[in-house]
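Asker: What follows is data16.txt, compact mmCIF, C-alpha atoms.
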# COMPACT_ATOMS: atom_id res chain seq x y z
CA MET A 1249 -23.53 33.27 49.82
CA PHE A 1250 -22.89 29.78 48.46
CA ASP A 1251 -20.61 28.95 51.38
CA ASP A 1252 -23.32 30.26 53.65
CA MET A 1253 -25.91 27.90 52.20
CA LYS A 1254 -23.49 25.01 52.42
CA ARG A 1255 -22.89 25.66 56.08
CA ILE A 1256 -26.62 25.99 56.78
CA GLY A 1257 -27.25 22.70 54.99
CA LEU A 1258 -24.50 21.00 56.91
CA GLU A 1259 -25.77 22.32 60.22
CA ALA A 1260 -29.29 21.19 59.32
CA CYS A 1261 -27.92 17.67 58.73
CA VAL A 1262 -26.11 17.77 62.07
CA LEU A 1263 -29.38 18.80 63.71
CA ILE A 1264 -31.20 15.86 62.15
CA ALA A 1265 -28.37 13.51 63.11
CA PHE A 1266 -28.51 14.67 66.73
CA GLY A 1267 -32.28 14.30 66.86
CA THR A 1268 -32.07 10.81 65.38
CA LEU A 1269 -29.31 9.80 67.77
CA PHE A 1270 -31.26 11.19 70.69
CA GLY A 1271 -34.42 9.34 69.68
CA LEU A 1272 -32.66 6.07 68.93
CA THR A 1273 -30.79 6.16 72.23
CA LEU A 1274 -34.05 6.47 74.12
CA ASN A 1275 -36.06 4.04 71.97
CA HIS A 1276 -33.48 1.57 70.65
CA GLN A 1277 -35.26 -1.39 72.24
CA LEU A 1278 -38.54 -0.57 70.52
CA VAL A 1279 -36.91 -0.05 67.13
CA MET A 1280 -34.87 -3.24 67.41
CA ASP A 1281 -37.98 -5.20 68.36
CA ALA A 1282 -39.92 -3.75 65.45
CA PHE A 1283 -37.19 -4.64 62.95
CA SER A 1284 -36.67 -8.13 64.31
CA GLY A 1285 -40.42 -8.67 64.05
CA ARG A 1286 -40.70 -9.96 67.58
CA LEU A 1287 -42.57 -8.53 70.51
CA VAL A 1288 -43.88 -5.33 69.05
CA PRO A 1289 -45.88 -3.50 71.69
CA PRO A 1290 -49.38 -2.76 70.46
CA PRO A 1291 -50.45 0.87 70.39
CA ARG A 1292 -52.14 1.65 73.65
CA GLN A 1293 -55.58 3.11 73.78
CA THR A 1294 -55.12 6.49 75.42
CA VAL A 1295 -58.74 7.46 74.98
CA GLN A 1296 -60.72 6.00 77.83
CA GLN A 1297 -63.70 4.05 76.62
CA PRO A 1298 -66.24 2.12 78.66
CA MET A 1299 -64.79 -1.32 79.18
CA PRO A 1300 -66.65 -4.19 77.52
CA VAL A 1301 -67.27 -7.34 79.52
CA ALA A 1302 -64.38 -9.23 77.99
CA LEU A 1303 -61.65 -8.13 75.64
CA PRO A 1304 -60.08 -10.06 72.79
CA VAL A 1305 -56.55 -11.19 73.52
CA PRO A 1306 -53.76 -9.71 71.36
CA VAL A 1307 -51.56 -12.29 69.64
CA LEU A 1308 -48.26 -11.91 67.80
CA ILE A 1309 -47.54 -13.11 64.30
CA GLY A 1310 -45.86 -16.35 65.48
CA GLU A 1311 -48.85 -17.30 67.61
CA VAL A 1312 -51.18 -16.57 64.70
CA ARG A 1313 -49.39 -19.16 62.60
CA GLN A 1314 -49.50 -21.74 65.41
CA LEU A 1315 -53.18 -21.11 66.07
CA MET A 1316 -54.00 -21.36 62.37
CA ALA A 1317 -52.19 -24.68 62.21
CA SER A 1318 -54.39 -25.93 65.03
CA GLY A 1319 -57.59 -24.84 63.30
CA ALA A 1320 -58.20 -21.23 64.30
CA LEU A 1321 -60.33 -19.13 61.94
CA LEU A 1322 -58.83 -15.89 60.67
CA VAL A 1323 -61.36 -13.07 60.20
CA ASP A 1324 -60.64 -9.99 58.08
CA ALA A 1325 -62.37 -6.90 59.51
CA ARG A 1326 -61.48 -4.60 56.61
CA SER A 1327 -63.72 -3.49 53.77
CA PRO A 1328 -64.70 -6.02 51.06
CA GLU A 1329 -62.62 -4.04 48.54
CA LEU A 1330 -59.45 -4.35 50.63
CA TYR A 1331 -60.19 -8.01 51.23
CA ALA A 1332 -60.49 -8.57 47.49
CA THR A 1333 -57.21 -6.81 46.77
CA GLY A 1334 -55.30 -8.95 49.22
CA HIS A 1335 -55.83 -10.84 52.46
CA ILE A 1336 -54.15 -13.43 54.64
CA GLU A 1337 -54.47 -16.80 52.97
CA GLY A 1338 -57.35 -18.72 54.52
CA ALA A 1339 -58.99 -15.69 56.12
CA VAL A 1340 -62.71 -15.05 55.76
CA SER A 1341 -64.16 -11.58 55.25
CA LEU A 1342 -66.37 -10.01 57.91
CA PRO A 1343 -66.18 -6.25 57.34
CA LEU A 1344 -66.89 -4.17 60.41
CA VAL A 1345 -68.67 -1.65 58.17
CA GLU A 1346 -71.24 -4.31 57.20
CA ILE A 1347 -71.46 -5.94 60.58
CA ASP A 1348 -75.26 -5.69 60.89
CA THR A 1349 -75.88 -7.92 57.89
CA GLY A 1350 -72.63 -9.87 58.08
CA LEU A 1351 -72.60 -11.03 61.69
CA PRO A 1352 -75.76 -13.20 61.73
CA LYS A 1353 -74.64 -14.92 58.52
CA PHE A 1354 -71.17 -15.43 59.95
CA LEU A 1355 -72.42 -16.93 63.23
CA GLU A 1356 -74.73 -19.34 61.41
CA HIS A 1357 -71.85 -21.49 60.22
CA LEU A 1358 -69.63 -21.15 63.26
CA ALA A 1359 -69.00 -23.34 66.26
CA LYS A 1360 -68.97 -21.04 69.27
CA ASP A 1361 -65.86 -22.64 70.74
CA ARG A 1362 -63.76 -22.31 67.59
CA SER A 1363 -60.73 -20.05 68.03
CA ILE A 1364 -61.07 -16.80 66.10
CA ILE A 1365 -58.36 -14.32 65.24
CA THR A 1366 -59.39 -10.92 63.87
CA TYR A 1367 -57.14 -8.56 61.98
CA CYS A 1368 -57.32 -5.40 59.87
CA SER A 1369 -54.80 -2.90 58.51
CA GLY A 1370 -52.37 -3.18 61.38
CA PHE A 1371 -51.57 -0.85 64.23
CA GLY A 1372 -53.59 2.32 64.07
CA CYS A 1373 -56.59 0.38 62.77
CA PRO A 1374 -59.09 -0.31 65.56
CA ASP A 1375 -61.53 -2.40 63.50
CA SER A 1376 -60.08 -5.81 64.39
CA PHE A 1377 -60.33 -5.00 68.07
CA ASP A 1378 -63.88 -3.68 67.77
CA LEU A 1379 -64.89 -6.73 65.74
CA GLY A 1380 -63.31 -8.96 68.41
CA VAL A 1381 -65.40 -7.29 71.12
CA LEU A 1382 -68.56 -7.77 69.04
CA LEU A 1383 -67.77 -11.45 68.48
CA ILE A 1384 -67.25 -11.98 72.21
CA GLU A 1385 -70.54 -10.24 72.90
CA ALA A 1386 -72.16 -12.52 70.31
CA GLY A 1387 -71.01 -15.51 72.33
CA CYS A 1388 -67.70 -16.57 70.78
CA ARG A 1389 -65.53 -18.00 73.52
CA ASP A 1390 -62.02 -17.66 72.14
CA VAL A 1391 -61.40 -14.41 70.29
CA ARG A 1392 -57.96 -12.93 69.68
CA VAL A 1393 -56.65 -9.96 67.75
CA PHE A 1394 -53.63 -9.97 65.47
CA GLU A 1395 -52.75 -6.31 65.78
CA GLY A 1396 -49.96 -6.30 63.23
CA GLY A 1397 -52.68 -7.17 60.73
CA PHE A 1398 -52.34 -7.58 57.01
CA PRO A 1399 -49.31 -5.23 56.64
CA GLU A 1400 -47.16 -7.18 59.09
CA TRP A 1401 -48.22 -10.51 57.58
CA ARG A 1402 -47.49 -9.36 54.03
CA ASP A 1403 -44.18 -7.72 54.98
CA ALA A 1404 -43.13 -10.95 56.70
CA GLY A 1405 -43.52 -12.68 53.32
CA LEU A 1406 -46.25 -15.04 54.55
CA PRO A 1407 -48.88 -16.41 52.15
CA VAL A 1408 -51.53 -13.97 50.99
CA ALA A 1409 -54.47 -14.40 48.64
CA GLY A 1410 -56.42 -12.00 46.44
CA GLU A 1411 -55.99 -10.06 43.25
CA GLY A 1412 -52.80 -8.35 44.49
CA MET B 1154 -32.71 46.40 60.10
CA THR B 1155 -36.08 47.93 60.65
CA GLY B 1156 -37.89 47.58 63.93
CA LEU B 1157 -41.09 46.12 62.54
CA LYS B 1158 -39.35 43.43 60.54
CA SER B 1159 -37.29 42.50 63.55
CA VAL B 1160 -40.39 42.14 65.70
CA LEU B 1161 -42.14 40.06 63.04
CA TYR B 1162 -39.08 37.87 62.67
CA HIS B 1163 -38.96 37.10 66.36
CA LEU B 1164 -42.70 36.48 66.49
CA GLY B 1165 -42.45 34.03 63.59
CA ARG B 1166 -39.45 32.32 65.12
CA LEU B 1167 -41.15 31.95 68.50
CA ALA B 1168 -44.43 30.74 66.99
CA LEU B 1169 -42.62 28.01 65.03
CA ALA B 1170 -40.54 27.17 68.10
CA LEU B 1171 -43.62 26.64 70.24
CA VAL B 1172 -45.39 24.55 67.59
CA PHE B 1173 -42.45 22.20 67.14
CA VAL B 1174 -41.38 21.97 70.76
CA TYR B 1175 -44.97 21.09 71.62
CA ALA B 1176 -45.38 18.67 68.72
CA GLY B 1177 -42.15 16.90 69.61
CA ALA B 1178 -42.66 16.81 73.36
CA VAL B 1179 -46.20 15.49 73.21
CA LYS B 1180 -45.28 12.68 70.80
CA MET B 1181 -42.22 11.67 72.83
CA GLN B 1182 -44.61 10.82 75.68
CA ASP B 1183 -45.89 7.80 73.83
CA VAL B 1184 -43.80 6.72 70.89
CA VAL B 1185 -45.78 3.52 70.43
CA VAL B 1186 -49.08 5.35 69.97
CA PHE B 1187 -47.37 7.70 67.53
CA ALA B 1188 -46.05 4.67 65.63
CA GLY B 1189 -49.67 3.59 65.28
CA HIS B 1190 -50.52 6.97 63.76
CA VAL B 1191 -47.60 6.76 61.33
CA ALA B 1192 -48.63 3.23 60.37
CA ALA B 1193 -52.15 4.48 59.65
CA TYR B 1194 -50.74 6.51 56.73
CA GLN B 1195 -49.85 3.16 55.09
CA ILE B 1196 -46.82 4.66 53.37
CA LEU B 1197 -43.86 2.98 55.04
CA PRO B 1198 -43.08 -0.69 55.51
CA TYR B 1199 -44.16 -1.99 58.87
CA ALA B 1200 -40.97 -1.66 60.94
CA LEU B 1201 -39.99 1.73 59.50
CA ASN B 1202 -43.07 3.24 61.14
CA TYR B 1203 -41.40 2.54 64.44
CA LEU B 1204 -38.11 4.05 63.32
CA VAL B 1205 -39.88 7.26 62.27
CA ALA B 1206 -41.87 7.35 65.50
CA ALA B 1207 -38.69 6.84 67.52
CA THR B 1208 -36.76 9.68 65.89
CA LEU B 1209 -39.11 12.30 64.39
CA PRO B 1210 -40.41 13.74 67.69
CA TYR B 1211 -36.83 14.32 68.86
CA ILE B 1212 -35.83 16.11 65.65
CA GLU B 1213 -38.95 18.29 65.93
CA PHE B 1214 -38.17 19.06 69.55
CA LEU B 1215 -34.51 19.87 68.90
CA ALA B 1216 -35.31 22.17 65.96
CA GLY B 1217 -37.95 23.88 68.10
CA VAL B 1218 -35.50 24.43 70.95
CA LEU B 1219 -32.94 26.02 68.61
CA LEU B 1220 -35.61 28.37 67.26
CA LEU B 1221 -36.66 29.20 70.80
CA LEU B 1222 -33.11 30.00 71.84
CA ASN B 1223 -32.43 31.98 68.64
CA LEU B 1224 -29.49 29.68 67.89
CA ARG B 1225 -28.73 28.19 64.45
CA VAL B 1226 -32.04 29.61 63.31
CA ARG B 1227 -31.59 29.05 59.58
CA PRO B 1228 -30.51 25.39 59.85
CA ALA B 1229 -33.46 24.85 62.19
CA LEU B 1230 -35.76 26.52 59.65
CA VAL B 1231 -34.43 24.26 56.91
CA VAL B 1232 -35.16 21.18 59.03
CA VAL B 1233 -38.59 22.43 60.08
CA GLY B 1234 -39.43 23.31 56.47
CA ALA B 1235 -38.25 19.95 55.19
CA MET B 1236 -40.32 18.12 57.81
CA THR B 1237 -43.40 20.19 56.99
CA ALA B 1238 -42.89 19.43 53.28
CA CYS B 1239 -42.75 15.69 54.09
CA PHE B 1240 -45.91 15.95 56.20
CA MET B 1241 -47.68 17.74 53.36
CA GLY B 1242 -46.62 15.05 50.91
CA ALA B 1243 -47.90 12.34 53.24
CA LEU B 1244 -51.20 14.15 53.77
CA VAL B 1245 -51.71 14.68 50.03
CA SER B 1246 -51.13 10.96 49.53
CA VAL B 1247 -53.66 10.19 52.28
CA LEU B 1248 -56.23 12.46 50.64
CA ALA B 1249 -55.54 10.96 47.21
CA ARG B 1250 -56.13 7.47 48.56
CA GLY B 1251 -59.22 8.57 50.48
CA LEU B 1252 -57.98 7.20 53.79
CA GLU B 1253 -59.89 8.42 56.80
CA ILE B 1254 -57.28 8.72 59.48
CA ASP B 1255 -56.30 11.05 62.26
CA CYS B 1256 -53.26 13.08 61.22
CA GLY B 1257 -51.37 12.28 64.43
CA CYS B 1258 -49.71 15.67 64.16
CA PHE B 1259 -49.85 16.51 67.84
CA ASP B 1260 -51.28 14.86 70.90
CA PRO B 1261 -51.56 11.14 70.12
CA GLY B 1262 -54.95 9.88 71.18
CA GLY B 1263 -55.77 13.21 72.79
CA GLY B 1264 -59.38 12.84 71.78
CA GLN B 1265 -59.61 15.54 69.14
CA GLU B 1266 -59.21 14.00 65.73
CA VAL B 1267 -57.84 16.17 62.97
CA THR B 1268 -58.58 15.06 59.43
CA ALA B 1269 -55.96 15.03 56.68
CA GLY B 1270 -57.56 18.00 54.89
CA VAL B 1271 -57.48 20.26 57.95
CA ALA B 1272 -53.94 19.13 58.73
CA LEU B 1273 -52.84 19.94 55.20
CA LEU B 1274 -54.26 23.47 55.43
CA ARG B 1275 -52.48 23.88 58.74
CA ASP B 1276 -49.22 22.68 57.19
CA ILE B 1277 -49.56 25.18 54.35
CA GLY B 1278 -49.82 27.93 56.96
CA LEU B 1279 -46.83 26.51 58.78
CA MET B 1280 -44.82 26.41 55.56
CA ALA B 1281 -45.71 30.05 54.83
CA LEU B 1282 -44.51 30.96 58.31
CA VAL B 1283 -41.23 29.11 57.75
CA VAL B 1284 -40.60 30.91 54.45
CA THR B 1285 -41.54 34.31 55.89
CA THR B 1286 -39.34 33.83 58.93
CA TRP B 1287 -36.43 32.77 56.72
CA TRP B 1288 -36.93 35.85 54.55
CA LEU B 1289 -37.16 38.19 57.55
CA ARG B 1290 -34.12 36.57 59.10
CA ASN B 1291 -32.02 37.41 56.04
CA ARG B 1292 -33.22 41.00 56.18
CA THR B 1293 -33.02 41.72 59.87
CA THR B 1294 -29.51 40.50 60.45
CA THR B 1295 -26.32 42.14 59.32
CA GLY B 1296 -23.68 40.04 57.62
CA SER B 1297 -21.40 39.91 60.62
CA ALA B 1298 -24.14 38.76 62.96
CA ARG B 1299 -25.32 35.93 60.73
CA ARG B 1300 -24.95 32.52 62.12
Turn this file's structure into structure tokens for me.
Answerer:
Amino acid sequence: MFDDMKRIGLEACVLIAFGTLFGLTLNHQLVMDAFSGRLVPPPRQTVQQPMPVALPVPVLIGEVRQLMASGALLVDARSPELYATGHIEGAVSLPLVEIDTGLPKFLEHLAKDRSIITYCSGFGCPDSFDLGVLLIEAGCRDVRVFEGGFPEWRDAGLPVAGEG
Amino acid sequence: MTGLKSVLYHLGRLALALVFVYAGAVKMQDVVVFAGHVAAYQILPYALNYLVAATLPYIEFLAGVLLLLNLRVRPALVVVGAMTACFMGALVSVLARGLEIDCGCFDPGGGQEVTAGVALLRDIGLMALVVTTWWLRNRTTTGSARR
């Protein structure tokens, strides 16, 4: 019986190894890109939604740093609580959940041609994109989305602010 | 080996096979979208989400195929059970943190969102099926025919 269990366990491991090998063979480029931090393809929207007039442009982490150096404003679309716990250093908070009250106040102090980069909790979080669309509709001319968001920024060891 | 137990065993095996072949196949179609779903759980470091998304669907698919073909059924059940246990752990963690995300269990971006709570209930059912099928397997097969 013990030998039996050992063999079953071993065969289960072989199964997992084959599955992993199979998956890595087919997706090695994607995994390598993800681990090197360069050129990570954003998750595609498979649900068809009515297209807004203009869409915010996705930017990668390197471009975010360049744009920030040349004066772009980083906007955090997550909840105020998440912003307080930790955010990209220099980013301002404009939670999508409080957009009705937040947006007019935000636009008051903003030059319409200033570059804006929105972000939220990374891939799988649509808020930064939705916020970007709203900002474009509100008249902002240069809106981009950093889709890797706070997780990618933090994991890259770049400066963050907040309580931690 | 009684007839009823044998029938139930094969039904359980085939049901699990279909669930996992489907789950694997549908996620293989778009690994990047699935990576987004995995990332939404906020459990793994950024790049590992992609590693999981690139391998998990293939392990699911392979285990499902073995169950379907009635080959290496018990190793496949071990793998399927272990995966389901991991999913349950992840879903419990999502519920504990109050995240509102789609479980990403099956069709990525297929339109129907499944909340963590529903997915967890489903996984409990799946786990029960795995255990039952394992149990029936040990009782419907004679020693010499065991694989």
Asker: Per residue of chain B within 7 Å of chain A, note the shortest atom pair and the distance in Å to one decimal, counting all atoms listed in the file, and order the rows by chain and increasing residue number, as CSV.
Answerer:
residue,atom,partner,partner_atom,distance
B:Val1185,CA,A:Pro1291,CA,5.4
B:Val1186,CA,A:Pro1291,CA,4.7
B:Gly1189,CA,A:Gly1372,CA,4.3
B:His1190,CA,A:Gly1372,CA,5.6
B:Ala1192,CA,A:Gly1372,CA,6.3
B:Ala1193,CA,A:Gly1372,CA,5.1
B:Tyr1199,CA,A:Glu1400,CA,6.0
B:Ala1200,CA,A:Ala1282,CA,5.1
B:Tyr1203,CA,A:Val1279,CA,5.8
B:Leu1204,CA,A:Val1279,CA,5.7
B:Ala1207,CA,A:Gly1271,CA,5.4
B:Thr1208,CA,A:Gly1271,CA,4.5
B:Tyr1211,CA,A:Gly1267,CA,5.0
B:Ile1212,CA,A:Gly1267,CA,4.2
B:Leu1215,CA,A:Gly1267,CA,6.3
B:Arg1227,CA,A:Ile1256,CA,6.5
B:Pro1228,CA,A:Ala1260,CA,4.4
B:Ala1229,CA,A:Ala1260,CA,6.2
B:Val1231,CA,A:Ala1260,CA,6.5
B:Val1232,CA,A:Ala1260,CA,5.9
B:Gly1262,CA,A:Thr1294,CA,5.4
B:Gly1263,CA,A:Val1295,CA,6.8
B:Gly1264,CA,A:Val1295,CA,6.3
Asker: Write the residues of the preceding selection, restricted to C-alpha atoms, as a compact mmCIF listing (two decimals), in the coordinates of the input.
Answerer:
# COMPACT_ATOMS: atom_id res chain seq x y z
CA VAL B 1185 -45.78 3.52 70.43
CA VAL B 1186 -49.08 5.35 69.97
CA GLY B 1189 -49.67 3.59 65.28
CA HIS B 1190 -50.52 6.97 63.76
CA ALA B 1192 -48.63 3.23 60.37
CA ALA B 1193 -52.15 4.48 59.65
CA TYR B 1199 -44.16 -1.99 58.87
CA ALA B 1200 -40.97 -1.66 60.94
CA TYR B 1203 -41.40 2.54 64.44
CA LEU B 1204 -38.11 4.05 63.32
CA ALA B 1207 -38.69 6.84 67.52
CA THR B 1208 -36.76 9.68 65.89
CA TYR B 1211 -36.83 14.32 68.86
CA ILE B 1212 -35.83 16.11 65.65
CA LEU B 1215 -34.51 19.87 68.90
CA ARG B 1227 -31.59 29.05 59.58
CA PRO B 1228 -30.51 25.39 59.85
CA ALA B 1229 -33.46 24.85 62.19
CA VAL B 1231 -34.43 24.26 56.91
CA VAL B 1232 -35.16 21.18 59.03
CA GLY B 1262 -54.95 9.88 71.18
CA GLY B 1263 -55.77 13.21 72.79
CA GLY B 1264 -59.38 12.84 71.78
Asker: Can you work out the spacing between CA of Val1323 in chain A and CA of Ala1339 in chain A in Å, to one decimal?
Answerer: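 Rounded to one decimal, the two atoms are 5.4 Å apart.
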Asker: Suppose you want the space between CA of Cys1368 in chain A and CA of Arg1326 in chain A; what is it in Å?
Answerer: 5.3 Å
Asker: Rounded to one decimal in Å, what is the spacing between CA of Ser1363 in chain A and CA of Met1316 in chain A?
Answerer: 8.9 Å
Asker: Here is a test: counting only C-alpha atoms, which residue of A:Glu1356, A:Asp1348, A:Asp1361, A:Glu1411 is nearest to Leu1382 in chain A?
Answerer: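 Comparing A:Glu1356, A:Asp1348, A:Asp1361, A:Glu1411 against Leu1382 in chain A, the winner is A:Asp1348.
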Asker: With all atoms listed in the file as the basis for distance, which of A:Leu1303, A:Cys1388, A:Pro1407, A:Leu1342 is at the shortest distance from Leu1330 in chain A?
Answerer: A:Leu1342
Asker: Report as a list in words all protein, DNA and RNA residues lying within 10 Å of Glu1346 in chain A, evaluated on all atoms listed in the file, omitting residues in the same chain fewer than 5 positions from it.
Answerer: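 The residues that qualify are Ala1325, Arg1326, Ser1327, Pro1328 and Leu1351 of chain A.
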Asker: So which one's closest to Glu1311 in chain A, A:Ala1386, A:Ser1341, A:Gly1380, A:Ile1365? Using all atoms listed in the file, please.
Answerer: A:Ile1365
Asker: Under the rule that all atoms listed in the file are counted, which of B:Val1245, B:Cys1239, B:Ala1206, B:Val1218 is the nearest residue to Leu1171 in chain B?
Answerer: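 Of all the options, B:Val1218 lies closest to Leu1171 in chain B.
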Asker: List as number ranges by chain the residues having at least one atom at most 7 Å from position (-53.9, 11.3, 66.2) as given in the file, counting all atoms listed in the file.
Answerer: B: 1190, 1255-1262, 1266
Asker: Taking all atoms listed in the file into account, which of A:Gly1405, A:Gly1338, A:Gly1397, A:Gly1350 comes nearest Tyr1367 in chain A?
Answerer: A:Gly1397
Asker: When you look at Ala1243 in chain B with a cut-off of 12 Å (counting only C-alpha atoms), what residues show up, excluding the ones that are within fewer than 6 positions of it in the same chain? I need them as a VMD selection string.
Answerer: chain B and resid 1191 to 1197 1236 to 1237 1249 to 1250 1252 1254 1256 to 1258 1269 to 1270 1272 to 1273 1276
Asker: Write a file of the selected residues as a CSV table (one decimal), in the frame of the given file, keeping C-alpha atoms.
Answerer:
chain,number,residue,atom,x,y,z
B,1191,VAL,CA,-47.6,6.8,61.3
B,1192,ALA,CA,-48.6,3.2,60.4
B,1193,ALA,CA,-52.2,4.5,59.6
B,1194,TYR,CA,-50.7,6.5,56.7
B,1195,GLN,CA,-49.8,3.2,55.1
B,1196,ILE,CA,-46.8,4.7,53.4
B,1197,LEU,CA,-43.9,3.0,55.0
B,1236,MET,CA,-40.3,18.1,57.8
B,1237,THR,CA,-43.4,20.2,57.0
B,1249,ALA,CA,-55.5,11.0,47.2
B,1250,ARG,CA,-56.1,7.5,48.6
B,1252,LEU,CA,-58.0,7.2,53.8
B,1254,ILE,CA,-57.3,8.7,59.5
B,1256,CYS,CA,-53.3,13.1,61.2
B,1257,GLY,CA,-51.4,12.3,64.4
B,1258,CYS,CA,-49.7,15.7,64.2
B,1269,ALA,CA,-56.0,15.0,56.7
B,1270,GLY,CA,-57.6,18.0,54.9
B,1272,ALA,CA,-53.9,19.1,58.7
B,1273,LEU,CA,-52.8,19.9,55.2
B,1276,ASP,CA,-49.2,22.7,57.2
